[in-house]
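J.: Provided herewith: run.txt, compact mmCIF, C-alpha atoms.
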# COMPACT_ATOMS: atom_id res chain seq x y z
CA MET P 1 78.17 14.73 139.76
CA GLU P 2 79.28 15.33 143.34
CA ASP P 3 76.88 16.97 145.79
CA ASN P 4 77.43 20.53 146.98
CA ASN P 5 79.26 19.42 150.13
CA GLY P 6 81.64 17.34 148.06
CA LEU P 7 82.33 20.26 145.74
CA LYS P 8 82.96 22.59 148.66
CA ARG P 9 85.63 20.18 149.85
CA THR P 10 87.15 20.14 146.35
CA PHE P 11 87.29 23.90 145.76
CA PRO P 12 88.47 26.51 148.28
CA GLU P 13 86.29 29.39 149.37
CA ALA P 14 87.64 32.52 147.78
CA ILE P 15 87.56 36.28 147.59
CA ARG P 16 88.10 38.42 144.52
CA LEU P 17 90.02 41.66 144.44
CA SER P 18 89.40 44.15 141.63
CA TRP P 19 92.05 46.48 140.27
CA GLU P 20 90.38 49.31 142.17
CA GLU P 21 90.54 47.38 145.45
CA VAL P 22 94.18 46.50 144.78
CA GLU P 23 95.01 50.16 144.19
CA GLU P 24 93.35 51.12 147.48
CA LEU P 25 95.34 48.48 149.36
CA LEU P 26 98.54 49.74 147.75
CA TRP P 27 97.64 53.30 148.64
CA ASP P 28 97.32 52.14 152.25
CA VAL P 29 100.82 50.66 151.98
CA PHE P 30 102.10 53.95 150.56
CA VAL P 31 100.53 55.96 153.39
CA ALA P 32 102.01 53.57 155.97
CA LEU P 33 105.43 53.97 154.36
CA ARG P 34 105.17 57.75 154.55
CA LEU P 35 103.95 57.69 158.16
CA SER P 36 106.87 55.45 159.14
CA ASP P 37 109.22 57.75 157.22
CA TYR P 38 110.64 54.82 155.26
CA ARG P 39 111.62 55.94 151.78
CA PRO P 40 112.98 53.00 149.78
CA ASP P 41 115.61 53.63 147.15
CA VAL P 42 114.51 50.51 145.26
CA VAL P 43 111.26 48.54 145.14
CA ILE P 44 111.67 44.82 144.44
CA GLY P 45 108.70 42.78 143.28
CA ILE P 46 108.92 39.06 143.91
CA SER P 47 108.03 37.41 140.62
CA ARG P 48 105.39 36.72 139.72
CA GLY P 49 102.78 37.89 142.20
CA GLY P 50 104.66 40.94 143.39
CA LEU P 51 105.33 42.44 139.96
CA ALA P 52 102.09 44.39 139.46
CA PRO P 53 101.90 45.64 143.07
CA ALA P 54 105.54 46.76 142.96
CA ARG P 55 104.96 48.71 139.74
CA ILE P 56 101.94 50.54 141.16
CA LEU P 57 103.78 51.32 144.38
CA THR P 58 106.63 52.94 142.46
CA ASP P 59 104.05 55.29 140.96
CA TYR P 60 102.82 56.36 144.38
CA LEU P 61 106.39 56.64 145.67
CA HIS P 62 107.62 58.60 142.63
CA ASN P 63 110.34 55.99 142.49
CA LYS P 64 111.72 54.87 139.13
CA TYR P 65 113.93 52.06 140.43
CA ILE P 66 112.39 48.60 140.41
CA CYS P 67 113.97 45.14 140.32
CA THR P 68 112.74 41.57 140.51
CA PHE P 69 113.76 38.03 141.22
CA GLN P 70 111.67 34.87 141.13
CA MET P 71 110.91 32.39 143.87
CA GLY P 72 109.12 29.12 143.14
CA HIS P 73 107.88 25.90 144.68
CA TRP P 74 108.46 23.84 141.55
CA ALA P 75 111.41 21.51 141.10
CA GLU P 76 112.96 20.67 137.73
CA ASP P 77 110.93 17.45 137.64
CA ALA P 78 107.71 19.52 138.01
CA ASN P 79 107.12 18.25 141.55
CA LEU P 80 105.98 20.71 144.20
CA ARG P 81 108.56 21.58 146.85
CA GLU P 82 107.46 22.40 150.38
CA LYS P 83 110.06 25.15 150.64
CA PRO P 84 110.28 27.82 147.91
CA THR P 85 113.64 28.25 146.24
CA LEU P 86 115.26 30.85 144.03
CA VAL P 87 114.38 30.36 140.35
CA PHE P 88 115.86 33.50 138.77
CA PRO P 89 118.25 35.65 140.85
CA LEU P 90 118.39 39.39 141.24
CA PRO P 91 120.25 41.23 138.44
CA GLU P 92 123.86 42.16 139.13
CA VAL P 93 123.24 45.50 140.83
CA ASP P 94 124.92 47.01 143.87
CA LEU P 95 122.30 47.52 146.58
CA SER P 96 124.71 47.36 149.51
CA ASP P 97 123.91 50.89 150.68
CA LYS P 98 120.27 51.01 149.53
CA LYS P 99 116.98 50.98 151.36
CA VAL P 100 114.89 48.26 149.75
CA LEU P 101 111.19 47.42 149.89
CA VAL P 102 110.40 43.82 148.90
CA VAL P 103 106.81 43.36 147.68
CA ASP P 104 104.58 40.34 147.15
CA ASP P 105 100.85 39.94 146.64
CA VAL P 106 99.93 37.39 149.32
CA SER P 107 101.45 35.66 152.32
CA ASP P 108 99.82 32.27 152.85
CA GLU P 109 102.20 30.33 155.05
CA GLY P 110 104.87 33.01 154.70
CA ARG P 111 107.64 30.78 153.38
CA THR P 112 108.19 32.72 150.15
CA MET P 113 108.79 36.02 151.92
CA GLU P 114 110.94 34.31 154.56
CA GLU P 115 113.22 32.92 151.87
CA ALA P 116 113.18 36.20 149.95
CA VAL P 117 114.33 38.14 153.00
CA ARG P 118 117.01 35.54 153.73
CA TYR P 119 118.23 35.87 150.15
CA MET P 120 118.11 39.67 150.04
CA SER P 121 119.38 40.66 153.50
CA PRO P 122 123.13 40.20 152.80
CA LYS P 123 122.82 42.17 149.56
CA VAL P 124 121.16 45.39 150.77
CA GLY P 125 121.70 48.18 153.24
CA ASP P 126 118.22 48.01 154.78
CA ILE P 127 115.21 45.86 153.97
CA ARG P 128 111.50 46.09 154.68
CA THR P 129 108.63 44.03 153.33
CA ALA P 130 105.09 44.60 152.09
CA VAL P 131 102.30 42.21 151.11
CA LEU P 132 98.80 43.13 150.03
CA VAL P 133 97.05 40.27 151.81
CA SER P 134 98.20 38.03 154.62
CA LYS P 135 96.49 35.01 156.14
CA ALA P 136 96.15 35.40 159.91
CA ASP P 137 98.17 32.26 160.58
CA SER P 138 101.02 33.17 158.24
CA ARG P 139 104.38 32.56 159.90
CA PHE P 140 105.76 35.74 158.30
CA LYS P 141 104.55 39.17 159.39
CA ALA P 142 105.34 41.81 156.79
CA ASP P 143 106.28 45.32 157.85
CA TYR P 144 103.39 46.66 155.77
CA CYS P 145 100.20 44.69 155.18
CA PRO P 146 96.85 46.46 154.68
CA LYS P 147 94.64 43.35 154.69
CA VAL P 148 94.80 40.39 157.09
CA MET P 149 92.25 37.61 156.58
CA GLN P 150 91.17 35.86 159.77
CA GLN P 151 89.62 32.98 157.80
CA TRP P 152 91.59 31.22 155.08
CA ARG P 153 90.42 32.13 151.58
CA TRP P 154 91.88 31.71 148.13
CA VAL P 155 92.58 35.19 146.73
CA LEU P 156 91.77 35.84 143.09
CA PHE P 157 93.99 38.73 142.05
CA PRO P 158 93.44 40.51 138.70
CA TRP P 159 96.86 39.43 137.42
CA SER P 160 96.46 35.73 138.26
CA LYS P 161 92.72 35.04 137.93
CA HIS P 162 93.05 33.48 134.47
CA GLU P 163 95.63 30.98 135.67
CA ASP P 164 93.55 30.20 138.77
CA LEU P 165 90.27 29.83 136.87
CA LEU P 166 91.97 27.61 134.32
CA ALA P 167 93.05 25.20 137.07
CA PHE P 168 89.61 25.26 138.70
CA THR P 169 87.82 24.76 135.36
CA GLU P 170 90.01 21.75 134.59
CA LYS P 171 89.05 20.31 137.97
CA VAL P 172 85.36 20.84 137.25
CA LEU P 173 85.66 18.98 133.97
CA GLN P 174 87.53 16.15 135.69
CA ILE P 175 84.78 15.81 138.30
CA THR P 176 81.78 16.17 136.00
CA GLY P 177 83.10 14.43 132.89
CA GLY P 178 81.86 17.41 130.88
CA ALA P 179 80.06 20.69 131.47
CA THR P 180 78.77 23.80 129.74
CA VAL P 181 80.08 27.28 130.49
CA GLU P 182 76.98 27.92 132.58
CA GLU P 183 77.45 24.73 134.59
CA ILE P 184 81.13 25.50 135.21
CA ILE P 185 80.22 28.95 136.49
CA ARG P 186 77.44 27.62 138.72
CA ILE P 187 79.69 24.98 140.29
CA LEU P 188 82.53 27.40 140.95
CA GLU P 189 80.29 30.17 142.26
CA GLU P 190 78.38 27.88 144.61
CA SER P 191 81.47 26.11 145.93
CA MET P 192 83.88 29.07 146.09
CA SER P 193 81.39 31.83 147.03
CA VAL P 194 82.62 34.27 144.37
CA GLU P 195 81.07 35.81 141.29
CA ILE P 196 82.42 34.67 137.92
CA VAL P 197 81.41 36.09 134.55
CA SER P 198 80.95 33.94 131.48
CA GLN P 199 83.63 35.77 129.48
CA GLU P 200 86.28 34.65 131.99
CA ILE P 201 85.41 30.97 131.57
CA GLU P 202 85.09 31.36 127.80
CA LYS P 203 88.66 32.71 127.70
CA VAL P 204 89.86 29.81 129.85
CA LEU P 205 88.19 27.25 127.56
CA PHE P 206 89.60 28.95 124.46
CA ASP P 207 93.06 28.77 126.03
CA MET P 208 92.61 25.09 126.87
CA GLN P 209 91.20 24.34 123.43
CA GLN P 210 94.19 25.98 121.72
CA ALA P 211 96.45 23.82 123.88
CA GLY P 212 94.56 20.71 122.78
CA GLU P 213 93.29 19.98 126.27
CA VAL P 214 89.50 20.29 125.77
CA ALA P 215 86.89 19.86 123.07
CA GLU P 216 83.40 21.26 122.68
CA GLY P 217 80.73 18.65 121.97
CA GLU P 218 76.98 18.57 121.54
CA ASN P 219 74.87 21.05 123.48
CA ARG P 220 77.99 23.16 124.10
CA VAL P 221 79.37 20.64 126.60
CA TRP P 222 83.14 20.90 127.14
CA THR P 223 85.17 17.81 127.97
CA LEU P 224 88.82 17.09 128.63
CA ILE P 225 90.68 15.31 125.86
Please, can you express the file's structure as structure tokens?

T.:
Amino acid sequence: MEDNNGLKRTFPEAIRLSWEEVEELLWDVFVALRLSDYRPDVVIGISRGGLAPARILTDYLHNKYICTFQMGHWAEDANLREKPTLVFPLPEVDLSDKKVLVVDDVSDEGRTMEEAVRYMSPKVGDIRTAVLVSKADSRFKADYCPKVMQQWRWVLFPWSKHEDLLAFTEKVLQITGGATVEEIIRILEESMSVEIVSQEIEKVLFDMQQAGEVAEGENRVWTLI
């Protein structure tokens, strides 16, 4: 097994946001919107990360109009593109005279929001942007952003933690050749500096087992198939 320094190079340091923390960040966005006197006619959540934040914001805004479109980095051959592209377009709706707020969960490099604004701008009357968390070196500066991280961290959001932990668990099993739930948790907690509960990893392993990707052996050791 790799030493701790090796693992820290393999897994990113991270922060976790609870639903309560997310709601507080979104409340900050709502207050900033009110103080700037910007009242969007439509809230658009960039799929997939912006869907949950957009829905909560519409509650605070007393706004029933919400749309979505999807941006992605994946090509048809499953290779990762450097520049995000449109996967599923906006529905055929007339927004030419509407004030629109485009929402996403995080701005890492900022390319997704850049492309989203480029795509949306010709279609709407006025556009502003909001992200929950932005990295300090992001090339895109949203109009509304309640949390800017000066040091780069992976953000575990409530709506994407299962997907993230699945990828990290698979990496642990690749590195170790096999590990128990407790060992997986220890490795991830020590290398990523976040707290992980056993139920989360148990759900991940169940998911992977159902997909035929892992098997449980003696002494509750899980290995990749």

J.: Rounded to one decimal in Å, what is the spacing between atom CA of P:Asp108 and atom CA of P:His162?

T.: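 Straight-line distance from atom CA of P:Asp108 to atom CA of P:His162 works out to 19.6 Å.
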
J.: Please provide as an MDAnalysis selection string all residues within 12 Å of P:Asp207, with the sequence filter that same-chain residues fewer than 3 positions apart are discarded (counting all atoms listed in the file).

T.: chainID P and resid 162:163 165:167 169:170 200:204 210:215

J.: Give me the residues near P:Ala116 as JSON, numbers by chain, where near means some atom within 8 Å (using all atoms listed in the file) and where sequence neighbours in that chain fewer than 4 positions away do not count.

T.: {"P": [46, 71, 112, 120]}

J.: Determine the nearest neighbour of P:Ile185 from the options P:Ser36, P:Gln199, P:Gly49, P:Ala130, counting all atoms listed in the file.

T.: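 Of all the options, P:Gln199 lies closest to P:Ile185.
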
J.: In Å, with one decimal, what is the gap from atom CA of P:Gln151 to atom CA of P:Ser191?

T.: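 Atom CA of P:Gln151 sits 16.0 Å away from atom CA of P:Ser191.
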
J.: Can you pull out every residue within 9 Å of P:Leu17, counting all atoms listed in the file, but drop anything in the same chain fewer than 2 positions away, and send it as a ChimeraX atom specification?

T.: /P:15,19-22,155-158

J.: So, with all atoms listed in the file as the atoms that count, which of P:Arg153, P:Cys67, P:Gly45, P:Val93 lies closest to P:Met113?

T.: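 Between P:Arg153, P:Cys67, P:Gly45, P:Val93, the residue approaching P:Met113 most closely is P:Gly45.
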
J.: Select, from P:Leu33, P:Ile187, P:Met149, P:Val181, the residue with the minimum atom-to-atom distance to P:Phe206, counting all atoms listed in the file.

T.: P:Val181

J.: Which residue gives the smallest distance to P:Trp154 among P:Ser198, P:Ser193, P:Thr176, P:Thr129, with all atoms listed in the file counted?

T.: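 Comparing P:Ser198, P:Ser193, P:Thr176, P:Thr129 against P:Trp154, the winner is P:Ser193.
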